[in-house]
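Student: As input, take final_7.txt (compact mmCIF, C-alpha atoms):
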# COMPACT_ATOMS: atom_id res chain seq x y z
CA MET A 260 -63.81 -3.37 31.08
CA LYS A 261 -62.24 -2.80 34.48
CA LYS A 262 -61.26 -6.50 34.61
CA LYS A 263 -59.58 -6.32 31.16
CA LEU A 264 -57.68 -3.19 32.20
CA TRP A 265 -56.53 -4.92 35.40
CA ILE A 266 -55.35 -8.06 33.49
CA GLY A 267 -53.51 -5.91 30.90
CA ALA A 268 -51.73 -3.90 33.61
CA ALA A 269 -50.80 -7.07 35.50
CA THR A 270 -49.43 -8.67 32.32
CA ALA A 271 -47.38 -5.58 31.53
CA ALA A 272 -45.97 -5.54 35.07
CA VAL A 273 -44.96 -9.22 34.85
CA VAL A 274 -43.27 -8.71 31.45
CA ALA A 275 -41.46 -5.61 32.70
CA ALA A 276 -40.28 -7.38 35.85
CA GLY A 277 -39.02 -10.33 33.80
CA THR A 278 -37.17 -8.07 31.37
CA PHE A 279 -35.65 -6.06 34.23
CA GLY A 280 -34.56 -9.21 35.98
CA ALA A 281 -32.93 -10.61 32.84
CA VAL A 282 -31.11 -7.36 32.15
CA SER A 283 -29.97 -7.09 35.76
CA ALA A 284 -28.73 -10.67 35.75
CA ASN A 285 -26.77 -10.14 32.53
CA ALA A 286 -25.27 -6.88 33.73
CA SER A 287 -24.02 -8.37 36.98
CA ALA A 288 -22.72 -11.65 35.56
CA PRO A 289 -18.99 -11.75 34.89
CA ALA A 290 -17.91 -12.06 31.27
CA ALA A 291 -17.50 -15.64 30.21
CA ALA A 292 -13.99 -16.75 29.38
CA PRO A 293 -13.46 -17.79 25.79
CA ALA A 294 -13.92 -21.50 25.32
CA VAL A 295 -10.65 -21.86 23.43
CA ALA A 296 -7.76 -19.43 23.67
CA MET A 297 -6.45 -18.51 20.23
CA LYS A 298 -2.70 -18.41 19.84
CA ALA A 299 -0.64 -17.55 16.77
CA ASP A 300 2.01 -20.12 16.04
CA VAL A 301 4.89 -18.37 14.28
CA ALA A 302 6.22 -21.72 13.12
CA ASN A 303 2.94 -22.37 11.28
CA ASP A 304 3.47 -22.79 7.53
CA ASN A 305 0.27 -20.81 6.90
CA LEU A 306 1.84 -17.58 8.15
CA VAL A 307 4.21 -15.45 6.12
CA GLN A 308 6.52 -12.83 7.50
CA SER A 309 7.46 -9.95 5.23
CA THR A 310 9.53 -6.81 5.31
CA HIS A 311 7.99 -3.39 4.69
CA LEU A 312 9.30 0.14 4.43
CA THR A 313 8.25 2.54 7.14
CA ILE A 314 6.65 5.80 6.07
CA GLU A 315 9.80 7.55 7.27
CA ALA A 316 12.03 5.37 5.06
CA ALA A 317 9.71 5.78 2.07
CA THR A 318 9.70 9.55 2.55
CA GLU A 319 13.49 9.60 2.87
CA ALA A 320 13.86 7.62 -0.37
CA ALA A 321 11.40 9.85 -2.22
CA GLN A 322 13.14 12.99 -0.99
CA ALA A 323 16.55 11.62 -2.05
CA ALA A 324 15.21 10.95 -5.55
CA LEU A 325 13.68 14.43 -5.72
CA ASP A 326 16.93 16.01 -4.48
CA ALA A 327 18.97 14.11 -7.10
CA ALA A 328 16.67 15.45 -9.82
CA LYS A 329 16.78 18.97 -8.42
CA ALA A 330 20.61 18.86 -8.40
CA GLU A 331 20.40 18.35 -12.18
CA ASN A 332 17.71 21.02 -12.59
CA GLN A 333 15.01 18.48 -13.45
CA ARG A 334 11.39 18.91 -12.44
CA VAL A 335 9.96 15.52 -11.52
CA SER A 336 7.45 13.70 -9.38
CA VAL A 337 8.42 10.73 -7.23
CA ALA A 338 6.27 7.88 -5.93
CA VAL A 339 7.07 5.06 -3.54
CA VAL A 340 4.77 2.03 -3.41
CA ASP A 341 4.78 -0.98 -1.11
CA ARG A 342 5.10 -4.62 -2.18
CA ASN A 343 1.40 -4.74 -3.03
CA GLY A 344 1.58 -1.62 -5.18
CA ASN A 345 -0.13 0.63 -2.64
CA THR A 346 1.19 4.17 -2.69
CA LEU A 347 3.14 5.09 0.43
CA VAL A 348 4.51 8.51 -0.56
CA THR A 349 4.31 10.85 -3.52
CA LEU A 350 6.25 14.07 -3.93
CA ARG A 351 5.64 16.46 -6.78
CA GLY A 352 8.65 18.67 -7.34
CA ASP A 353 8.30 22.35 -8.09
CA GLY A 354 7.38 22.80 -11.73
CA ALA A 355 6.78 19.10 -12.43
CA GLY A 356 4.26 18.45 -15.18
CA PRO A 357 0.74 17.32 -14.30
CA GLN A 358 1.23 13.94 -16.00
CA SER A 359 4.34 13.13 -13.96
CA TYR A 360 2.47 12.33 -10.75
CA GLU A 361 0.47 9.40 -12.15
CA SER A 362 3.37 8.23 -14.32
CA ALA A 363 5.67 8.03 -11.28
CA GLU A 364 3.14 5.86 -9.44
CA LYS A 365 2.75 3.53 -12.41
CA LYS A 366 6.51 3.19 -12.86
CA ALA A 367 6.95 2.35 -9.17
CA TYR A 368 4.12 -0.21 -9.38
CA THR A 369 5.64 -1.79 -12.49
CA ALA A 370 9.12 -2.03 -10.93
CA VAL A 371 7.89 -3.73 -7.75
CA SER A 372 5.51 -6.02 -9.63
CA TRP A 373 8.28 -7.49 -11.78
CA ASN A 374 11.15 -6.90 -9.31
CA ALA A 375 13.14 -5.20 -12.05
CA PRO A 376 14.02 -1.70 -13.20
CA THR A 377 11.48 -0.50 -15.74
CA SER A 378 14.21 0.16 -18.31
CA GLU A 379 14.89 -3.59 -18.38
CA LEU A 380 11.18 -4.33 -18.64
CA VAL A 381 10.88 -2.13 -21.73
CA LYS A 382 13.13 -4.65 -23.51
CA ARG A 383 10.68 -7.46 -22.70
CA LEU A 384 7.99 -5.71 -24.73
CA GLU A 385 9.75 -6.79 -27.93
CA ASN A 386 8.88 -10.44 -27.17
CA ALA A 387 5.65 -9.81 -25.27
CA PRO A 388 3.98 -6.58 -26.43
CA ASN A 389 0.78 -7.46 -24.55
CA LEU A 390 2.54 -6.72 -21.25
CA ARG A 391 1.77 -3.09 -22.01
CA ASP A 392 -1.94 -3.86 -21.57
CA ILE A 393 -1.68 -4.83 -17.90
CA PRO A 394 -3.67 -2.24 -15.90
CA GLY A 395 -1.69 0.15 -13.74
CA THR A 396 1.67 -0.50 -15.40
CA LEU A 397 3.93 1.79 -17.39
CA PHE A 398 6.82 0.34 -19.34
CA LEU A 399 9.10 3.37 -19.51
CA GLY A 400 12.43 3.92 -17.78
CA GLY A 401 12.13 5.52 -14.37
CA GLY A 402 11.11 2.76 -11.96
CA ALA A 403 13.39 0.83 -9.61
CA PRO A 404 12.57 -1.95 -7.15
CA VAL A 405 13.64 -1.84 -3.52
CA GLN A 406 14.87 -5.29 -2.53
CA VAL A 407 15.74 -7.17 0.63
CA LYS A 408 17.63 -10.41 0.03
CA GLY A 409 16.63 -10.21 -3.64
CA ALA A 410 12.90 -9.98 -2.90
CA PRO A 411 10.95 -6.81 -3.78
CA ILE A 412 9.53 -4.88 -0.84
CA ALA A 413 8.79 -1.56 -2.57
CA GLY A 414 9.15 0.34 -5.81
CA ILE A 415 10.30 3.88 -6.53
CA GLY A 416 9.09 5.65 -9.63
CA VAL A 417 10.23 8.97 -11.05
CA ALA A 418 8.67 10.83 -13.97
CA GLY A 419 9.09 14.21 -15.60
CA ALA A 420 12.72 14.33 -16.76
CA PRO A 421 13.33 14.47 -20.53
CA SER A 422 14.30 10.77 -20.64
CA GLY A 423 13.52 7.54 -18.85
CA ASP A 424 17.25 7.08 -18.25
CA LEU A 425 17.34 10.25 -16.15
CA ASP A 426 14.13 9.31 -14.33
CA GLU A 427 15.60 5.92 -13.48
CA LYS A 428 18.88 7.46 -12.34
CA PHE A 429 16.91 9.52 -9.83
CA ALA A 430 14.84 6.49 -8.75
CA ARG A 431 18.08 4.59 -8.09
CA ALA A 432 19.26 7.52 -5.95
CA GLY A 433 16.16 6.95 -3.83
CA VAL A 434 16.96 3.24 -3.50
CA ALA A 435 20.57 4.07 -2.61
CA ALA A 436 19.41 6.39 0.18
CA LEU A 437 17.83 3.36 1.89
CA ASP A 438 21.19 1.55 1.98
CA LYS A 439 22.79 4.18 4.20
Kindly present the structure from the file in structure tokens form.
Tutor:
Amino acid sequence: MKKKLWIGAATAAVVAAGTFGAVSANASAPAAAPAVAMKADVANDNLVQSTHLTIEAATEAAQAALDAAKAENQRVSVAVVDRNGNTLVTLRGDGAGPQSYESAEKKAYTAVSWNAPTSELVKRLENAPNLRDIPGTLFLGGGAPVQVKGAPIAGIGVAGAPSGDLDEKFARAGVAALDK
């Protein structure tokens, strides 16, 4: 029994010493340099450069749209989405209806997706009524794309005024604020 205890203790000591030595060696060794340095090549055809609105610009555009509606005593919500349809900013004006928030987001998404004001897209429904079934879209006046060199980079949607024409007028005021 004493011999087995002695062999077990000796084995444990050897294993512990080996583990300690390996850990000590790894801790003191300098970090290995990467085998191949990775470098982005901006001339590579696999990379795409795009333009995006800053949060500040999106907020400025949304506030301009909200201010234009307020000047005409309209209670609306405003949404600004990026090129991918992700919401950047939403503002719900005082007294805006509960449905206006989601409608503004959908109008902004629709405008940027088709790079056209939503009032123009409503006309396309006559020839293609199934467009209405695309998830996340809303084919009512009130959405306007934000463009750079003709390409959409964002969408502004406004909802809550008595007509889509008014909503779109306010959305265009948001777009115009970005041109200043």
Student: How many Å separate CA of Val337 (chain A) from CA of Thr313 (chain A)?
Tutor: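 Interatomic distance, CA of Val337 (chain A) to CA of Thr313 (chain A): 16.5 Å.
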Student: Which of these, A:Ala370, A:Ala413, A:Ala355, A:Leu390, has the shortest distance to Arg342 (chain A) once you count all atoms listed in the file?
Tutor: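 Selected residue with least distance to Arg342 (chain A): A:Ala413.
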Student: So, with all atoms listed in the file as the atoms that count, which of A:Val417, A:Ala327, A:Leu312, A:Val340 lies closest to Thr377 (chain A)?
Tutor: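 Nearest to Thr377 (chain A): A:Val417.
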Student: Fewer than 3 positions away in the same chain doesn't count, so skip those; otherwise give me all residues within 6 Å of region 364-368 of chain A, counting all atoms listed in the file, as a PDB file with C-alpha atoms, in the frame of the given file.
Tutor:
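As written to disk, result17.pdb reads:
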ATOM      1  CA  ALA A 338       6.270   7.880  -5.930  1.00  0.00           C
ATOM      2  CA  GLY A 344       1.580  -1.620  -5.180  1.00  0.00           C
ATOM      3  CA  GLU A 361       0.470   9.400 -12.150  1.00  0.00           C
ATOM      4  CA  VAL A 371       7.890  -3.730  -7.750  1.00  0.00           C
ATOM      5  CA  SER A 372       5.510  -6.020  -9.630  1.00  0.00           C
ATOM      6  CA  GLY A 395      -1.690   0.150 -13.740  1.00  0.00           C
ATOM      7  CA  THR A 396       1.670  -0.500 -15.400  1.00  0.00           C
ATOM      8  CA  LEU A 397       3.930   1.790 -17.390  1.00  0.00           C
ATOM      9  CA  GLY A 402      11.110   2.760 -11.960  1.00  0.00           C
ATOM     10  CA  GLY A 414       9.150   0.340  -5.810  1.00  0.00           C
ATOM     11  CA  ILE A 415      10.300   3.880  -6.530  1.00  0.00           C
ATOM     12  CA  GLY A 416       9.090   5.650  -9.630  1.00  0.00           C
TER      13      GLY A 416
END
Student: Which residue is closest to Asp353 (chain A)? Choose from A:Asp341, A:Thr369, A:Asp326, A:Ala320 and count all atoms listed in the file.
Tutor: A:Asp326
Student: Restricting the calculation to only C-alpha atoms: of A:Thr310, A:Ser362, A:Gln322, A:Asn332, which residue gets closest to Gly409 (chain A)?
Tutor: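 The closest residue to Gly409 (chain A) is A:Thr310.
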Student: Can you tell me how far CA of Pro394 (chain A) sits from CA of Ile412 (chain A), in Å to one decimal?
Tutor: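 Pair CA of Pro394 (chain A) / CA of Ile412 (chain A) returns 20.2 Å.
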Student: Within 8 Å of Gly423 (chain A), counting all atoms listed in the file, which residues qualify if same-chain residues fewer than 2 places away don't, as a list of chain:residue names?
Tutor: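 Listed by chain and then number, they are A:Ser378, A:Leu399, A:Gly400, A:Gly401, A:Ala418, A:Ala420, A:Pro421, A:Leu425, A:Asp426, A:Glu427.
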Student: If you count only C-alpha atoms, which residues fall within 10 Å of Ala316 (chain A), apart from same-chain ones fewer than 6 positions away, as a PyMOL selection string?
Tutor: chain A and resi 322+339+348+433+436-437
Student: Mind giving me the straight-line distance from CA of Ala435 (chain A) to CA of Arg351 (chain A) in Å, one decimal?
Tutor: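 It comes out at 19.8 Å.
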Student: With all atoms listed in the file as the basis for distance, which of A:Asp304, A:Asp392, A:Glu319, A:Glu379 is at the shortest distance from Ala432 (chain A)?
Tutor: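 Of all the options, A:Glu319 lies closest to Ala432 (chain A).
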Student: Please provide the set of residues having any atom within 9 Å of Val434 (chain A), restricted to all atoms listed in the file, with same-chain residues fewer than 5 positions apart removed, written as a VMD selection string.
Tutor: chain A and resid 320 to 321 323 to 324 403 to 406 414 to 415 429
Student: For Ser422 (chain A), which residue among A:Ala330, A:Val335, A:Ala317, A:Leu306 is the nearest when counting all atoms listed in the file?
Tutor: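 Smallest distance to Ser422 (chain A) is found for A:Val335.
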Student: If I wrap all listed atoms of region 367-370 of chain A in a box with edges along x, y and z and add 8 Å on each side, what are its centre and edge lengths in Å to one decimal, as JSON?
Tutor:
{"center_x": 6.6, "center_y": 0.2, "center_z": -10.8, "size_x": 21.0, "size_y": 20.4, "size_z": 19.3}
Student: What would region 424-435 of chain A look like with all heavy atoms in place, written as a PDB file, in the frame of the given file?
Tutor:
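Once everything was written out, this is selection15.pdb:
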ATOM      1  N   ASP A 424      15.943   7.354 -18.862  1.00  0.00           N
ATOM      2  CA  ASP A 424      17.250   7.080 -18.250  1.00  0.00           C
ATOM      3  C   ASP A 424      17.504   8.016 -17.071  1.00  0.00           C
ATOM      4  O   ASP A 424      17.988   7.590 -16.021  1.00  0.00           O
ATOM      5  CB  ASP A 424      18.372   7.224 -19.273  1.00  0.00           C
ATOM      6  CG  ASP A 424      18.339   6.139 -20.338  1.00  0.00           C
ATOM      7  OD1 ASP A 424      17.714   5.085 -20.103  1.00  0.00           O
ATOM      8  OD2 ASP A 424      18.947   6.357 -21.416  1.00  0.00           O
ATOM      9  N   LEU A 425      17.177   9.294 -17.254  1.00  0.00           N
ATOM     10  CA  LEU A 425      17.340  10.250 -16.150  1.00  0.00           C
ATOM     11  C   LEU A 425      16.371   9.929 -15.010  1.00  0.00           C
ATOM     12  O   LEU A 425      16.759   9.932 -13.840  1.00  0.00           O
ATOM     13  CB  LEU A 425      17.116  11.681 -16.630  1.00  0.00           C
ATOM     14  CG  LEU A 425      18.272  12.353 -17.350  1.00  0.00           C
ATOM     15  CD1 LEU A 425      17.853  13.706 -17.901  1.00  0.00           C
ATOM     16  CD2 LEU A 425      19.466  12.493 -16.425  1.00  0.00           C
ATOM     17  N   ASP A 426      15.115   9.656 -15.356  1.00  0.00           N
ATOM     18  CA  ASP A 426      14.130   9.310 -14.330  1.00  0.00           C
ATOM     19  C   ASP A 426      14.622   8.119 -13.501  1.00  0.00           C
ATOM     20  O   ASP A 426      14.547   8.128 -12.276  1.00  0.00           O
ATOM     21  CB  ASP A 426      12.777   8.954 -14.967  1.00  0.00           C
ATOM     22  CG  ASP A 426      11.999  10.162 -15.468  1.00  0.00           C
ATOM     23  OD1 ASP A 426      12.261  11.281 -15.004  1.00  0.00           O
ATOM     24  OD2 ASP A 426      11.114   9.952 -16.318  1.00  0.00           O
ATOM     25  N   GLU A 427      15.141   7.113 -14.187  1.00  0.00           N
ATOM     26  CA  GLU A 427      15.600   5.920 -13.480  1.00  0.00           C
ATOM     27  C   GLU A 427      16.838   6.202 -12.639  1.00  0.00           C
ATOM     28  O   GLU A 427      17.004   5.648 -11.555  1.00  0.00           O
ATOM     29  CB  GLU A 427      15.869   4.790 -14.465  1.00  0.00           C
ATOM     30  CG  GLU A 427      15.930   3.452 -13.762  1.00  0.00           C
ATOM     31  CD  GLU A 427      15.708   2.313 -14.716  1.00  0.00           C
ATOM     32  OE1 GLU A 427      14.672   2.291 -15.412  1.00  0.00           O
ATOM     33  OE2 GLU A 427      16.584   1.437 -14.756  1.00  0.00           O
ATOM     34  N   LYS A 428      17.695   7.059 -13.116  1.00  0.00           N
ATOM     35  CA  LYS A 428      18.880   7.460 -12.340  1.00  0.00           C
ATOM     36  C   LYS A 428      18.433   8.070 -11.009  1.00  0.00           C
ATOM     37  O   LYS A 428      18.990   7.753  -9.958  1.00  0.00           O
ATOM     38  CB  LYS A 428      19.694   8.483 -13.150  1.00  0.00           C
ATOM     39  CG  LYS A 428      20.883   9.059 -12.430  1.00  0.00           C
ATOM     40  CD  LYS A 428      21.577  10.100 -13.322  1.00  0.00           C
ATOM     41  CE  LYS A 428      22.699  10.786 -12.613  1.00  0.00           C
ATOM     42  NZ  LYS A 428      23.331  11.819 -13.465  1.00  0.00           N
ATOM     43  N   PHE A 429      17.398   8.884 -11.046  1.00  0.00           N
ATOM     44  CA  PHE A 429      16.910   9.520  -9.830  1.00  0.00           C
ATOM     45  C   PHE A 429      16.206   8.501  -8.927  1.00  0.00           C
ATOM     46  O   PHE A 429      16.323   8.560  -7.695  1.00  0.00           O
ATOM     47  CB  PHE A 429      15.979  10.687 -10.169  1.00  0.00           C
ATOM     48  CG  PHE A 429      16.614  11.709 -11.095  1.00  0.00           C
ATOM     49  CD1 PHE A 429      15.874  12.313 -12.093  1.00  0.00           C
ATOM     50  CD2 PHE A 429      17.965  12.047 -10.976  1.00  0.00           C
ATOM     51  CE1 PHE A 429      16.449  13.246 -12.947  1.00  0.00           C
ATOM     52  CE2 PHE A 429      18.547  12.981 -11.827  1.00  0.00           C
ATOM     53  CZ  PHE A 429      17.792  13.574 -12.814  1.00  0.00           C
ATOM     54  N   ALA A 430      15.488   7.556  -9.534  1.00  0.00           N
ATOM     55  CA  ALA A 430      14.840   6.490  -8.750  1.00  0.00           C
ATOM     56  C   ALA A 430      15.899   5.666  -8.023  1.00  0.00           C
ATOM     57  O   ALA A 430      15.736   5.307  -6.853  1.00  0.00           O
ATOM     58  CB  ALA A 430      13.983   5.613  -9.647  1.00  0.00           C
ATOM     59  N   ARG A 431      16.987   5.369  -8.715  1.00  0.00           N
ATOM     60  CA  ARG A 431      18.080   4.590  -8.090  1.00  0.00           C
ATOM     61  C   ARG A 431      18.729   5.377  -6.949  1.00  0.00           C
ATOM     62  O   ARG A 431      19.190   4.785  -5.976  1.00  0.00           O
ATOM     63  CB  ARG A 431      19.114   4.210  -9.142  1.00  0.00           C
ATOM     64  CG  ARG A 431      18.615   3.150 -10.113  1.00  0.00           C
ATOM     65  CD  ARG A 431      19.690   2.827 -11.161  1.00  0.00           C
ATOM     66  NE  ARG A 431      19.187   2.010 -12.235  1.00  0.00           N
ATOM     67  CZ  ARG A 431      19.235   0.677 -12.249  1.00  0.00           C
ATOM     68  NH1 ARG A 431      19.773   0.036 -11.234  1.00  0.00           N
ATOM     69  NH2 ARG A 431      18.763   0.009 -13.274  1.00  0.00           N
ATOM     70  N   ALA A 432      18.747   6.705  -7.055  1.00  0.00           N
ATOM     71  CA  ALA A 432      19.260   7.520  -5.950  1.00  0.00           C
ATOM     72  C   ALA A 432      18.375   7.362  -4.724  1.00  0.00           C
ATOM     73  O   ALA A 432      18.862   7.336  -3.585  1.00  0.00           O
ATOM     74  CB  ALA A 432      19.335   8.995  -6.365  1.00  0.00           C
ATOM     75  N   GLY A 433      17.092   7.211  -4.944  1.00  0.00           N
ATOM     76  CA  GLY A 433      16.160   6.950  -3.830  1.00  0.00           C
ATOM     77  C   GLY A 433      16.422   5.596  -3.194  1.00  0.00           C
ATOM     78  O   GLY A 433      16.419   5.458  -1.972  1.00  0.00           O
ATOM     79  N   VAL A 434      16.653   4.588  -4.021  1.00  0.00           N
ATOM     80  CA  VAL A 434      16.960   3.240  -3.500  1.00  0.00           C
ATOM     81  C   VAL A 434      18.270   3.293  -2.716  1.00  0.00           C
ATOM     82  O   VAL A 434      18.380   2.729  -1.624  1.00  0.00           O
ATOM     83  CB  VAL A 434      17.054   2.208  -4.652  1.00  0.00           C
ATOM     84  CG1 VAL A 434      17.543   0.868  -4.130  1.00  0.00           C
ATOM     85  CG2 VAL A 434      15.703   2.064  -5.338  1.00  0.00           C
ATOM     86  N   ALA A 435      19.268   3.980  -3.269  1.00  0.00           N
ATOM     87  CA  ALA A 435      20.570   4.070  -2.610  1.00  0.00           C
ATOM     88  C   ALA A 435      20.478   4.751  -1.245  1.00  0.00           C
ATOM     89  O   ALA A 435      21.209   4.391  -0.310  1.00  0.00           O
ATOM     90  CB  ALA A 435      21.563   4.823  -3.500  1.00  0.00           C
TER      91      ALA A 435
END
